[in-house]
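File shown: input-v6.pdb. Contents: PDB, C-alpha atoms and all ligand atoms.
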ATOM      1  CA  MET U   1      -3.410  18.345 -11.232  1.00  0.00           C
ATOM      2  CA  LYS U   2      -0.876  16.279  -9.326  1.00  0.00           C
ATOM      3  CA  PHE U   3      -1.883  13.246  -7.252  1.00  0.00           C
ATOM      4  CA  PHE U   4      -0.147  12.663  -3.922  1.00  0.00           C
ATOM      5  CA  VAL U   5      -1.007   9.546  -1.913  1.00  0.00           C
ATOM      6  CA  ASP U   6      -1.873  10.169   1.729  1.00  0.00           C
ATOM      7  CA  THR U   7      -0.438   7.076   3.401  1.00  0.00           C
ATOM      8  CA  ALA U   8       2.709   5.456   4.780  1.00  0.00           C
ATOM      9  CA  GLU U   9       1.698   1.994   3.528  1.00  0.00           C
ATOM     10  CA  ILE U  10       4.413   0.905   1.080  1.00  0.00           C
ATOM     11  CA  ASP U  11       2.338  -1.712  -0.778  1.00  0.00           C
ATOM     12  CA  ALA U  12      -0.490   0.723  -1.474  1.00  0.00           C
ATOM     13  CA  ILE U  13       1.951   3.373  -2.717  1.00  0.00           C
ATOM     14  CA  ALA U  14       3.749   0.839  -4.931  1.00  0.00           C
ATOM     15  CA  GLU U  15       0.506  -0.339  -6.564  1.00  0.00           C
ATOM     16  CA  LEU U  16      -0.508   3.198  -7.561  1.00  0.00           C
ATOM     17  CA  ASN U  17       3.053   4.150  -8.462  1.00  0.00           C
ATOM     18  CA  ASP U  18       3.292   1.271 -10.957  1.00  0.00           C
ATOM     19  CA  LEU U  19       0.293   2.819 -12.765  1.00  0.00           C
ATOM     20  CA  GLY U  20       1.934   6.247 -12.911  1.00  0.00           C
ATOM     21  CA  MET U  21      -0.658   7.703 -10.517  1.00  0.00           C
ATOM     22  CA  VAL U  22       1.766   8.916  -7.861  1.00  0.00           C
ATOM     23  CA  ASP U  23       3.294  12.387  -8.124  1.00  0.00           C
ATOM     24  CA  GLY U  24       4.201  12.439  -4.441  1.00  0.00           C
ATOM     25  CA  VAL U  25       3.309  11.142  -0.977  1.00  0.00           C
ATOM     26  CA  THR U  26       2.155  12.759   2.259  1.00  0.00           C
ATOM     27  CA  THR U  27       2.436  11.289   5.734  1.00  0.00           C
ATOM     28  CA  ASN U  28       1.615  12.592   9.197  1.00  0.00           C
ATOM     29  CA  PRO U  29       2.130  11.254  12.745  1.00  0.00           C
ATOM     30  CA  SER U  30      -1.247   9.461  12.673  1.00  0.00           C
ATOM     31  CA  LEU U  31      -0.380   7.722   9.386  1.00  0.00           C
ATOM     32  CA  ILE U  32       3.033   6.705  10.768  1.00  0.00           C
ATOM     33  CA  LEU U  33       1.255   5.201  13.792  1.00  0.00           C
ATOM     34  CA  LYS U  34      -1.154   3.345  11.492  1.00  0.00           C
ATOM     35  CA  SER U  35       1.738   1.920   9.442  1.00  0.00           C
ATOM     36  CA  GLY U  36       3.487   0.604  12.558  1.00  0.00           C
ATOM     37  CA  ARG U  37       6.802   1.642  10.974  1.00  0.00           C
ATOM     38  CA  ASP U  38       9.760   3.756  12.136  1.00  0.00           C
ATOM     39  CA  ILE U  39       9.402   7.239  10.597  1.00  0.00           C
ATOM     40  CA  LEU U  40      12.996   7.478   9.349  1.00  0.00           C
ATOM     41  CA  GLU U  41      12.991   3.988   7.807  1.00  0.00           C
ATOM     42  CA  VAL U  42       9.593   4.177   6.131  1.00  0.00           C
ATOM     43  CA  THR U  43      10.235   7.693   4.801  1.00  0.00           C
ATOM     44  CA  LYS U  44      13.488   6.471   3.229  1.00  0.00           C
ATOM     45  CA  GLU U  45      11.673   3.511   1.611  1.00  0.00           C
ATOM     46  CA  ILE U  46       8.955   5.763   0.206  1.00  0.00           C
ATOM     47  CA  CYS U  47      11.531   8.256  -1.088  1.00  0.00           C
ATOM     48  CA  ASP U  48      13.384   5.442  -2.885  1.00  0.00           C
ATOM     49  CA  LEU U  49      10.117   4.224  -4.430  1.00  0.00           C
ATOM     50  CA  VAL U  50       8.636   7.458  -5.793  1.00  0.00           C
ATOM     51  CA  ASP U  51      10.212  10.285  -7.755  1.00  0.00           C
ATOM     52  CA  GLY U  52       8.124  13.150  -6.331  1.00  0.00           C
ATOM     53  CA  PRO U  53       8.032  15.011  -3.027  1.00  0.00           C
ATOM     54  CA  VAL U  54       7.486  12.917   0.117  1.00  0.00           C
ATOM     55  CA  SER U  55       6.180  14.866   3.114  1.00  0.00           C
ATOM     56  CA  ALA U  56       7.485  13.871   6.541  1.00  0.00           C
ATOM     57  CA  GLU U  57       6.121  15.827   9.498  1.00  0.00           C
ATOM     58  CA  VAL U  58       8.020  17.282  12.444  1.00  0.00           C
ATOM     59  CA  VAL U  59       6.559  16.717  15.901  1.00  0.00           C
ATOM     60  CA  ALA U  60       8.317  19.476  17.871  1.00  0.00           C
ATOM     61  CA  LEU U  61       6.194  22.502  18.765  1.00  0.00           C
ATOM     62  CA  GLU U  62       8.896  25.150  19.195  1.00  0.00           C
ATOM     63  CA  SER U  63      10.659  26.603  16.156  1.00  0.00           C
ATOM     64  CA  ASP U  64      14.287  25.753  17.030  1.00  0.00           C
ATOM     65  CA  ALA U  65      13.353  22.144  17.755  1.00  0.00           C
ATOM     66  CA  MET U  66      11.255  22.017  14.553  1.00  0.00           C
ATOM     67  CA  ILE U  67      14.253  23.241  12.579  1.00  0.00           C
ATOM     68  CA  GLU U  68      16.469  20.562  14.118  1.00  0.00           C
ATOM     69  CA  GLU U  69      13.931  17.822  13.306  1.00  0.00           C
ATOM     70  CA  GLY U  70      13.345  19.245   9.830  1.00  0.00           C
ATOM     71  CA  ARG U  71      17.061  19.194   9.028  1.00  0.00           C
ATOM     72  CA  LYS U  72      17.256  15.558  10.132  1.00  0.00           C
ATOM     73  CA  LEU U  73      14.243  14.577   8.009  1.00  0.00           C
ATOM     74  CA  ALA U  74      15.682  16.442   4.993  1.00  0.00           C
ATOM     75  CA  LYS U  75      18.859  14.350   5.187  1.00  0.00           C
ATOM     76  CA  ILE U  76      16.855  11.159   4.462  1.00  0.00           C
ATOM     77  CA  ALA U  77      16.635  11.892   0.722  1.00  0.00           C
ATOM     78  CA  ASP U  78      16.589  14.735  -1.802  1.00  0.00           C
ATOM     79  CA  ASN U  79      12.817  14.391  -2.316  1.00  0.00           C
ATOM     80  CA  VAL U  80      11.838  14.817   1.349  1.00  0.00           C
ATOM     81  CA  THR U  81       9.436  17.672   1.962  1.00  0.00           C
ATOM     82  CA  ILE U  82       9.488  18.904   5.541  1.00  0.00           C
ATOM     83  CA  LYS U  83       5.947  19.161   6.893  1.00  0.00           C
ATOM     84  CA  LEU U  84       5.375  21.889   9.471  1.00  0.00           C
ATOM     85  CA  PRO U  85       2.197  22.873  11.320  1.00  0.00           C
ATOM     86  CA  LEU U  86       0.597  26.230  10.635  1.00  0.00           C
ATOM     87  CA  THR U  87       1.515  27.861  13.927  1.00  0.00           C
ATOM     88  CA  TRP U  88       3.658  30.936  14.507  1.00  0.00           C
ATOM     89  CA  ASP U  89       6.593  28.654  15.383  1.00  0.00           C
ATOM     90  CA  GLY U  90       5.884  26.575  12.287  1.00  0.00           C
ATOM     91  CA  LEU U  91       6.049  29.698  10.133  1.00  0.00           C
ATOM     92  CA  LYS U  92       9.383  30.690  11.713  1.00  0.00           C
ATOM     93  CA  ALA U  93      10.741  27.208  10.947  1.00  0.00           C
ATOM     94  CA  CYS U  94       9.317  27.447   7.420  1.00  0.00           C
ATOM     95  CA  LYS U  95      11.199  30.687   6.774  1.00  0.00           C
ATOM     96  CA  VAL U  96      14.508  29.217   7.963  1.00  0.00           C
ATOM     97  CA  LEU U  97      14.193  25.760   6.378  1.00  0.00           C
ATOM     98  CA  SER U  98      12.890  27.038   3.022  1.00  0.00           C
ATOM     99  CA  GLY U  99      15.758  29.551   3.030  1.00  0.00           C
ATOM    100  CA  GLU U 100      18.132  26.586   3.271  1.00  0.00           C
ATOM    101  CA  GLY U 101      16.674  25.201   0.041  1.00  0.00           C
ATOM    102  CA  ASN U 102      14.287  22.616   1.491  1.00  0.00           C
ATOM    103  CA  MET U 103      10.799  21.879   0.185  1.00  0.00           C
ATOM    104  CA  ILE U 104       8.234  22.748   2.863  1.00  0.00           C
ATOM    105  CA  ASN U 105       4.633  21.609   3.240  1.00  0.00           C
ATOM    106  CA  VAL U 106       2.750  23.779   5.749  1.00  0.00           C
ATOM    107  CA  THR U 107      -0.050  21.658   7.147  1.00  0.00           C
ATOM    108  CA  LEU U 108      -3.198  22.005   9.258  1.00  0.00           C
ATOM    109  CA  CYS U 109      -4.367  25.062   7.318  1.00  0.00           C
ATOM    110  CA  PHE U 110      -7.986  26.031   7.946  1.00  0.00           C
ATOM    111  CA  SER U 111      -8.168  29.661   6.752  1.00  0.00           C
ATOM    112  CA  ALA U 112      -7.142  31.777   3.783  1.00  0.00           C
ATOM    113  CA  ASN U 113      -5.209  34.123   6.077  1.00  0.00           C
ATOM    114  CA  GLN U 114      -3.139  31.196   7.329  1.00  0.00           C
ATOM    115  CA  ALA U 115      -2.424  30.254   3.712  1.00  0.00           C
ATOM    116  CA  LEU U 116      -1.327  33.827   2.975  1.00  0.00           C
ATOM    117  CA  LEU U 117       1.174  33.702   5.854  1.00  0.00           C
ATOM    118  CA  ALA U 118       2.554  30.329   4.704  1.00  0.00           C
ATOM    119  CA  ALA U 119       3.163  31.671   1.198  1.00  0.00           C
ATOM    120  CA  LYS U 120       4.957  34.718   2.590  1.00  0.00           C
ATOM    121  CA  ALA U 121       7.116  32.433   4.780  1.00  0.00           C
ATOM    122  CA  GLY U 122       8.286  30.550   1.667  1.00  0.00           C
ATOM    123  CA  ALA U 123       6.158  27.379   1.770  1.00  0.00           C
ATOM    124  CA  THR U 124       6.429  25.117  -1.261  1.00  0.00           C
ATOM    125  CA  PHE U 125       2.990  23.627  -0.491  1.00  0.00           C
ATOM    126  CA  ILE U 126       0.063  24.743   1.640  1.00  0.00           C
ATOM    127  CA  SER U 127      -2.235  21.981   2.913  1.00  0.00           C
ATOM    128  CA  PRO U 128      -5.813  23.140   3.519  1.00  0.00           C
ATOM    129  CA  PHE U 129      -7.819  20.344   5.214  1.00  0.00           C
ATOM    130  CA  ILE U 130     -11.108  20.028   3.342  1.00  0.00           C
ATOM    131  CA  GLY U 131     -12.646  17.027   5.114  1.00  0.00           C
ATOM    132  CA  ARG U 132     -12.055  18.339   8.616  1.00  0.00           C
ATOM    133  CA  LEU U 133     -13.836  21.617   7.698  1.00  0.00           C
ATOM    134  CA  ASP U 134     -16.740  19.641   6.224  1.00  0.00           C
ATOM    135  CA  ASP U 135     -16.819  17.661   9.497  1.00  0.00           C
ATOM    136  CA  ILE U 136     -17.757  20.848  11.394  1.00  0.00           C
ATOM    137  CA  ASN U 137     -20.358  21.960   8.818  1.00  0.00           C
ATOM    138  CA  LEU U 138     -18.110  24.412   6.977  1.00  0.00           C
ATOM    139  CA  ASP U 139     -17.378  24.143   3.260  1.00  0.00           C
ATOM    140  CA  GLY U 140     -13.784  23.033   2.735  1.00  0.00           C
ATOM    141  CA  MET U 141     -14.048  23.765  -0.975  1.00  0.00           C
ATOM    142  CA  ASP U 142     -14.741  27.465  -0.301  1.00  0.00           C
ATOM    143  CA  LEU U 143     -11.332  27.587   1.369  1.00  0.00           C
ATOM    144  CA  ILE U 144      -9.593  26.085  -1.665  1.00  0.00           C
ATOM    145  CA  GLU U 145     -11.291  28.652  -3.919  1.00  0.00           C
ATOM    146  CA  ASP U 146     -10.347  31.555  -1.626  1.00  0.00           C
ATOM    147  CA  ILE U 147      -6.698  30.501  -1.446  1.00  0.00           C
ATOM    148  CA  ARG U 148      -6.611  30.058  -5.255  1.00  0.00           C
ATOM    149  CA  THR U 149      -7.912  33.617  -5.705  1.00  0.00           C
ATOM    150  CA  ILE U 150      -5.484  35.121  -3.201  1.00  0.00           C
ATOM    151  CA  TYR U 151      -2.432  33.292  -4.542  1.00  0.00           C
ATOM    152  CA  ASP U 152      -3.368  34.248  -8.122  1.00  0.00           C
ATOM    153  CA  ASN U 153      -4.022  37.893  -7.147  1.00  0.00           C
ATOM    154  CA  TYR U 154      -0.454  38.261  -5.923  1.00  0.00           C
ATOM    155  CA  GLY U 155       1.438  35.663  -7.946  1.00  0.00           C
ATOM    156  CA  PHE U 156       2.421  33.462  -5.011  1.00  0.00           C
ATOM    157  CA  GLU U 157       4.088  30.282  -6.248  1.00  0.00           C
ATOM    158  CA  THR U 158       3.159  28.175  -3.218  1.00  0.00           C
ATOM    159  CA  GLU U 159       1.200  25.178  -4.490  1.00  0.00           C
ATOM    160  CA  ILE U 160      -2.254  24.439  -3.080  1.00  0.00           C
ATOM    161  CA  LEU U 161      -2.136  20.848  -1.828  1.00  0.00           C
ATOM    162  CA  ALA U 162      -5.733  19.981  -0.977  1.00  0.00           C
ATOM    163  CA  ALA U 163      -5.651  17.568   1.973  1.00  0.00           C
ATOM    164  CA  SER U 164      -8.077  15.665   4.175  1.00  0.00           C
ATOM    165  CA  ILE U 165      -9.767  14.415   1.008  1.00  0.00           C
ATOM    166  CA  ARG U 166     -12.496  11.958   1.899  1.00  0.00           C
ATOM    167  CA  SER U 167     -14.428  11.375  -1.339  1.00  0.00           C
ATOM    168  CA  VAL U 168     -14.204  11.239  -5.113  1.00  0.00           C
ATOM    169  CA  ASN U 169     -16.372  14.375  -5.221  1.00  0.00           C
ATOM    170  CA  HIS U 170     -13.699  16.234  -3.265  1.00  0.00           C
ATOM    171  CA  VAL U 171     -11.167  15.293  -5.954  1.00  0.00           C
ATOM    172  CA  GLN U 172     -13.388  16.516  -8.801  1.00  0.00           C
ATOM    173  CA  GLN U 173     -14.237  19.767  -7.025  1.00  0.00           C
ATOM    174  CA  CYS U 174     -10.551  20.414  -6.317  1.00  0.00           C
ATOM    175  CA  ALA U 175      -9.756  19.918  -9.987  1.00  0.00           C
ATOM    176  CA  LEU U 176     -12.550  22.307 -10.987  1.00  0.00           C
ATOM    177  CA  VAL U 177     -11.441  25.119  -8.656  1.00  0.00           C
ATOM    178  CA  GLY U 178      -7.770  24.761  -9.555  1.00  0.00           C
ATOM    179  CA  ALA U 179      -6.000  23.074  -6.643  1.00  0.00           C
ATOM    180  CA  ASP U 180      -2.455  22.275  -7.796  1.00  0.00           C
ATOM    181  CA  VAL U 181      -2.289  18.964  -5.953  1.00  0.00           C
ATOM    182  CA  ILE U 182      -4.641  16.653  -4.080  1.00  0.00           C
ATOM    183  CA  THR U 183      -3.478  14.207  -1.476  1.00  0.00           C
ATOM    184  CA  ALA U 184      -5.898  11.357  -0.944  1.00  0.00           C
ATOM    185  CA  PRO U 185      -5.963   7.909   0.641  1.00  0.00           C
ATOM    186  CA  PRO U 186      -5.217   5.102  -1.866  1.00  0.00           C
ATOM    187  CA  GLU U 187      -8.811   3.829  -1.714  1.00  0.00           C
ATOM    188  CA  VAL U 188     -10.197   7.215  -2.800  1.00  0.00           C
ATOM    189  CA  ILE U 189      -7.771   7.375  -5.751  1.00  0.00           C
ATOM    190  CA  LYS U 190      -8.765   3.851  -6.834  1.00  0.00           C
ATOM    191  CA  LYS U 191     -12.466   4.723  -6.514  1.00  0.00           C
ATOM    192  CA  LEU U 192     -12.024   7.469  -9.141  1.00  0.00           C
ATOM    193  CA  ALA U 193     -12.029   4.683 -11.765  1.00  0.00           C
ATOM    194  CA  THR U 194     -15.445   3.341 -10.783  1.00  0.00           C
ATOM    195  CA  HIS U 195     -18.891   4.235 -12.133  1.00  0.00           C
ATOM    196  CA  PRO U 196     -22.089   2.175 -11.741  1.00  0.00           C
ATOM    197  CA  LEU U 197     -22.865   2.513 -15.464  1.00  0.00           C
ATOM    198  CA  THR U 198     -19.388   1.223 -16.369  1.00  0.00           C
ATOM    199  CA  GLN U 199     -20.030  -1.865 -14.234  1.00  0.00           C
ATOM    200  CA  ALA U 200     -23.588  -2.343 -15.569  1.00  0.00           C
ATOM    201  CA  GLY U 201     -22.373  -2.006 -19.166  1.00  0.00           C
ATOM    202  CA  LEU U 202     -19.570  -4.496 -18.576  1.00  0.00           C
ATOM    203  CA  ASP U 203     -21.950  -7.017 -16.973  1.00  0.00           C
ATOM    204  CA  GLN U 204     -24.251  -6.835 -20.032  1.00  0.00           C
ATOM    205  CA  PHE U 205     -21.347  -7.205 -22.477  1.00  0.00           C
ATOM    206  CA  MET U 206     -20.102 -10.280 -20.586  1.00  0.00           C
ATOM    207  CA  LYS U 207     -23.549 -11.889 -20.677  1.00  0.00           C
ATOM    208  CA  ASP U 208     -23.915 -11.291 -24.411  1.00  0.00           C
ATOM    209  CA  TRP U 209     -20.357 -12.429 -25.102  1.00  0.00           C
ATOM    210  CA  ALA U 210     -20.973 -15.726 -23.329  1.00  0.00           C
ATOM    211  CA  LYS U 211     -23.972 -16.315 -25.639  1.00  0.00           C
ATOM    212  CA  THR U 212     -21.802 -15.932 -28.763  1.00  0.00           C
ATOM    213  CA  GLY U 213     -19.782 -19.012 -27.756  1.00  0.00           C
ATOM    214  CA  GLN U 214     -16.638 -17.290 -29.108  1.00  0.00           C
ATOM    215  CA  SER U 215     -13.201 -16.720 -27.573  1.00  0.00           C
ATOM    216  CA  ILE U 216     -10.569 -14.152 -28.602  1.00  0.00           C
ATOM    217  CA  VAL U 217      -7.468 -16.175 -27.657  1.00  0.00           C
TER     218      VAL U 217
HETATM  219  C1  LIG U 301      -2.266  15.219   4.713  1.00  0.00           C
HETATM  220  O1  LIG U 301      -1.320  15.929   4.525  1.00  0.00           O
HETATM  221  C2  LIG U 301      -3.118  15.306   5.895  1.00  0.00           C
HETATM  222  O2  LIG U 301      -2.390  15.035   7.036  1.00  0.00           O
HETATM  223  C3  LIG U 301      -4.287  14.366   5.753  1.00  0.00           C
HETATM  224  O3  LIG U 301      -4.844  14.524   4.454  1.00  0.00           O
HETATM  225  C4  LIG U 301      -5.338  14.537   6.822  1.00  0.00           C
HETATM  226  O4  LIG U 301      -6.478  13.774   6.489  1.00  0.00           O
HETATM  227  P1  LIG U 301      -7.612  13.432   7.555  1.00  0.00           P
HETATM  228  O5  LIG U 301      -8.295  14.705   7.942  1.00  0.00           O
HETATM  229  O6  LIG U 301      -8.551  12.508   6.821  1.00  0.00           O
HETATM  230  O7  LIG U 301      -6.934  12.778   8.725  1.00  0.00           O
END

Mind turning this structure into structure tokens?
Amino acid sequence: MKFFVDTAEIDAIAELNDLGMVDGVTTNPSLILKSGRDILEVTKEICDLVDGPVSAEVVALESDAMIEEGRKLAKIADNVTIKLPLTWDGLKACKVLSGEGNMINVTLCFSANQALLAAKAGATFISPFIGRLDDINLDGMDLIEDIRTIYDNYGFETEILAASIRSVNHVQQCALVGADVITAPPEVIKKLATHPLTQAGLDQFMKDWAKTGQSIV
């Protein structure tokens, strides 16, 4: 399973990238706002830093304007993935921009039928939002499973990019049901390394080591 980092914060991306944990990056207008950076400049910096796909989202709502924005974003670097919303206009833009050879991430997906349409429109990635479904008492993981089944039934090559990941449990469940990619905030990815028994075991080893009076170097 590939790990994308869901942020536009360069330092956080660089830290995970140095460890080989970054297969790509996703951003959205809210994350650009949070970063305080210019979208074109920060997207270029991220693209220079990581080898994998870097999603940059259009903000137009009508297909022709989305296509114009998408073409501009695609010029930033070869690894830009144009992020389009799952609306009828977004699907039209997806068809055109994917036909021009661009990678497309169709975002704001909340149903299996929406995911089916995105695959038929040529999306490279579909982004089902797990956390936001959980927020309204639905099970985001059911959606990932349903899309997996549908894509496998018909051999669609669109990759399932599980988004709106809020917890380490989301990551594990996505891996178990076969999501191709997860995109998660840096703090969730770092938390995957933690376990209370690891910490407790380490604390005990340190106490006992101190009592030996030894040093390794
Ligand atoms: C990524 O592509 C999405 O925009 C992001 O994961 C949304 O996460 P949120 O629901 O926590 O804002």

Review point. Leaving out segment 45-61 of chain U and any residue of its chain fewer than 3 positions from it, which residues lie within 9 Å of it when counting only C-alpha atoms, given as a ChimeraX atom specification?
Key: /U:4,8-10,13-14,17,22-29,39-42,64-67,69-70,73-74,76-85,87,89-90,103-105,107

Write out, as a JSON list (two decimals), in the coordinates of the input, the residues just selected, with C-alpha atoms.
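See result20.json below for the written result:
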[["chain", "number", "residue", "atom", "x", "y", "z"],
["U", 4, "PHE", "CA", -0.15, 12.66, -3.92],
["U", 8, "ALA", "CA", 2.71, 5.46, 4.78],
["U", 9, "GLU", "CA", 1.70, 1.99, 3.53],
["U", 10, "ILE", "CA", 4.41, 0.90, 1.08],
["U", 13, "ILE", "CA", 1.95, 3.37, -2.72],
["U", 14, "ALA", "CA", 3.75, 0.84, -4.93],
["U", 17, "ASN", "CA", 3.05, 4.15, -8.46],
["U", 22, "VAL", "CA", 1.77, 8.92, -7.86],
["U", 23, "ASP", "CA", 3.29, 12.39, -8.12],
["U", 24, "GLY", "CA", 4.20, 12.44, -4.44],
["U", 25, "VAL", "CA", 3.31, 11.14, -0.98],
["U", 26, "THR", "CA", 2.15, 12.76, 2.26],
["U", 27, "THR", "CA", 2.44, 11.29, 5.73],
["U", 28, "ASN", "CA", 1.62, 12.59, 9.20],
["U", 29, "PRO", "CA", 2.13, 11.25, 12.74],
["U", 39, "ILE", "CA", 9.40, 7.24, 10.60],
["U", 40, "LEU", "CA", 13.00, 7.48, 9.35],
["U", 41, "GLU", "CA", 12.99, 3.99, 7.81],
["U", 42, "VAL", "CA", 9.59, 4.18, 6.13],
["U", 64, "ASP", "CA", 14.29, 25.75, 17.03],
["U", 65, "ALA", "CA", 13.35, 22.14, 17.76],
["U", 66, "MET", "CA", 11.26, 22.02, 14.55],
["U", 67, "ILE", "CA", 14.25, 23.24, 12.58],
["U", 69, "GLU", "CA", 13.93, 17.82, 13.31],
["U", 70, "GLY", "CA", 13.34, 19.24, 9.83],
["U", 73, "LEU", "CA", 14.24, 14.58, 8.01],
["U", 74, "ALA", "CA", 15.68, 16.44, 4.99],
["U", 76, "ILE", "CA", 16.86, 11.16, 4.46],
["U", 77, "ALA", "CA", 16.64, 11.89, 0.72],
["U", 78, "ASP", "CA", 16.59, 14.74, -1.80],
["U", 79, "ASN", "CA", 12.82, 14.39, -2.32],
["U", 80, "VAL", "CA", 11.84, 14.82, 1.35],
["U", 81, "THR", "CA", 9.44, 17.67, 1.96],
["U", 82, "ILE", "CA", 9.49, 18.90, 5.54],
["U", 83, "LYS", "CA", 5.95, 19.16, 6.89],
["U", 84, "LEU", "CA", 5.38, 21.89, 9.47],
["U", 85, "PRO", "CA", 2.20, 22.87, 11.32],
["U", 87, "THR", "CA", 1.52, 27.86, 13.93],
["U", 89, "ASP", "CA", 6.59, 28.65, 15.38],
["U", 90, "GLY", "CA", 5.88, 26.58, 12.29],
["U", 103, "MET", "CA", 10.80, 21.88, 0.18],
["U", 104, "ILE", "CA", 8.23, 22.75, 2.86],
["U", 105, "ASN", "CA", 4.63, 21.61, 3.24],
["U", 107, "THR", "CA", -0.05, 21.66, 7.15]]

Check your understanding: With only C-alpha atoms as the basis for distance, which of U:Gln114, U:Ala193, U:Asn102, U:Glu145 is at the shortest distance from Trp88 of chain U?
Key -> U:Gln114

Exercise for review: Let me have all residues with an atom within 10 Å of ligand LIG 301 (chain U), counting all atoms listed in the file, laid out as a PyMOL selection string.
Suggested key: chain U and resi 4-7+25-31+55-57+83+105-109+126-135+161-166+182-185

Keeping only C-alpha atoms, write those residues as a short mmCIF file (atom, residue, chain, number, x, y, z; two decimals), in the frame of the given file.
data_model
loop_
_atom_site.label_atom_id
_atom_site.label_comp_id
_atom_site.auth_asym_id
_atom_site.auth_seq_id
_atom_site.Cartn_x
_atom_site.Cartn_y
_atom_site.Cartn_z
CA PHE U 4 -0.15 12.66 -3.92
CA VAL U 5 -1.01 9.55 -1.91
CA ASP U 6 -1.87 10.17 1.73
CA THR U 7 -0.44 7.08 3.40
CA VAL U 25 3.31 11.14 -0.98
CA THR U 26 2.15 12.76 2.26
CA THR U 27 2.44 11.29 5.73
CA ASN U 28 1.62 12.59 9.20
CA PRO U 29 2.13 11.25 12.74
CA SER U 30 -1.25 9.46 12.67
CA LEU U 31 -0.38 7.72 9.39
CA SER U 55 6.18 14.87 3.11
CA ALA U 56 7.48 13.87 6.54
CA GLU U 57 6.12 15.83 9.50
CA LYS U 83 5.95 19.16 6.89
CA ASN U 105 4.63 21.61 3.24
CA VAL U 106 2.75 23.78 5.75
CA THR U 107 -0.05 21.66 7.15
CA LEU U 108 -3.20 22.00 9.26
CA CYS U 109 -4.37 25.06 7.32
CA ILE U 126 0.06 24.74 1.64
CA SER U 127 -2.24 21.98 2.91
CA PRO U 128 -5.81 23.14 3.52
CA PHE U 129 -7.82 20.34 5.21
CA ILE U 130 -11.11 20.03 3.34
CA GLY U 131 -12.65 17.03 5.11
CA ARG U 132 -12.06 18.34 8.62
CA LEU U 133 -13.84 21.62 7.70
CA ASP U 134 -16.74 19.64 6.22
CA ASP U 135 -16.82 17.66 9.50
CA LEU U 161 -2.14 20.85 -1.83
CA ALA U 162 -5.73 19.98 -0.98
CA ALA U 163 -5.65 17.57 1.97
CA SER U 164 -8.08 15.66 4.18
CA ILE U 165 -9.77 14.42 1.01
CA ARG U 166 -12.50 11.96 1.90
CA ILE U 182 -4.64 16.65 -4.08
CA THR U 183 -3.48 14.21 -1.48
CA ALA U 184 -5.90 11.36 -0.94
CA PRO U 185 -5.96 7.91 0.64
#

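Between atom CA of Asn113 of chain U and atom CA of Ile147 of chain U the interatomic distance comes to 8.5 Å.
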
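Take the candidates U:Lys120, U:Val181, U:Val217, U:His195 and check each one against Lys2 of chain U using only C-alpha atoms; the shortest distance goes to U:Val181.
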
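The interatomic distance for the pair atom CA of Leu138 of chain U and atom CA of Ser111 of chain U works out to 11.2 Å.
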
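Of the residues listed (U:Asp18, U:Ala210, U:Ser215, U:Ser167), U:Ser167 shows the shortest atom-to-atom separation from Glu187 of chain U; distances use all atoms listed in the file.
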
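Across the model, the gap from atom CA of Ala175 of chain U to atom CA of Ala121 of chain U is 25.7 Å.
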
Enclosing box along x, y and z for every listed atom of segment 89-104 of chain U, padded 3 Å each side, centre and size in Å, one decimal, as JSON:
{"center_x": 12.0, "center_y": 26.3, "center_z": 7.7, "size_x": 18.2, "size_y": 14.8, "size_z": 21.3}

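The nearest approach to Pro186 of chain U among the residues U:Met1, U:Ile160, U:Ile216, U:Ala12, with only C-alpha atoms taken into account, belongs to U:Ala12.
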
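Of the residues under consideration (U:Leu91, U:Ser63, U:Lys44, U:Cys174), U:Cys174 shows the shortest atom-to-atom contact distance to Phe3 of chain U when counting all atoms listed in the file.
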
Reconstructed segment 106-112 of chain U, atom set N, CA, C and O atoms, as an mmCIF file, in the frame of the given file:
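Contents of rebuild.cif, freshly written:
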data_model
loop_
_atom_site.group_PDB
_atom_site.id
_atom_site.type_symbol
_atom_site.label_atom_id
_atom_site.label_comp_id
_atom_site.auth_asym_id
_atom_site.auth_seq_id
_atom_site.Cartn_x
_atom_site.Cartn_y
_atom_site.Cartn_z
ATOM 1 N N VAL U 106 3.345 23.248 4.515
ATOM 2 C CA VAL U 106 2.750 23.779 5.749
ATOM 3 C C VAL U 106 1.344 23.191 5.884
ATOM 4 O O VAL U 106 0.499 23.354 5.006
ATOM 5 N N THR U 107 1.142 22.489 6.986
ATOM 6 C CA THR U 107 -0.050 21.658 7.147
ATOM 7 C C THR U 107 -0.991 22.217 8.212
ATOM 8 O O THR U 107 -0.664 23.188 8.894
ATOM 9 N N LEU U 108 -2.171 21.587 8.305
ATOM 10 C CA LEU U 108 -3.198 22.005 9.258
ATOM 11 C C LEU U 108 -3.647 23.441 8.991
ATOM 12 O O LEU U 108 -3.778 24.252 9.911
ATOM 13 N N CYS U 109 -3.885 23.738 7.713
ATOM 14 C CA CYS U 109 -4.367 25.062 7.318
ATOM 15 C C CYS U 109 -5.889 25.039 7.232
ATOM 16 O O CYS U 109 -6.464 24.200 6.529
ATOM 17 N N PHE U 110 -6.522 25.979 7.927
ATOM 18 C CA PHE U 110 -7.986 26.031 7.946
ATOM 19 C C PHE U 110 -8.529 27.409 7.575
ATOM 20 O O PHE U 110 -9.735 27.643 7.691
ATOM 21 N N SER U 111 -7.653 28.348 7.176
ATOM 22 C CA SER U 111 -8.168 29.661 6.752
ATOM 23 C C SER U 111 -7.285 30.238 5.654
ATOM 24 O O SER U 111 -6.107 29.886 5.527
ATOM 25 N N ALA U 112 -7.883 31.142 4.878
ATOM 26 C CA ALA U 112 -7.142 31.777 3.783
ATOM 27 C C ALA U 112 -6.023 32.660 4.337
ATOM 28 O O ALA U 112 -4.952 32.773 3.732
#
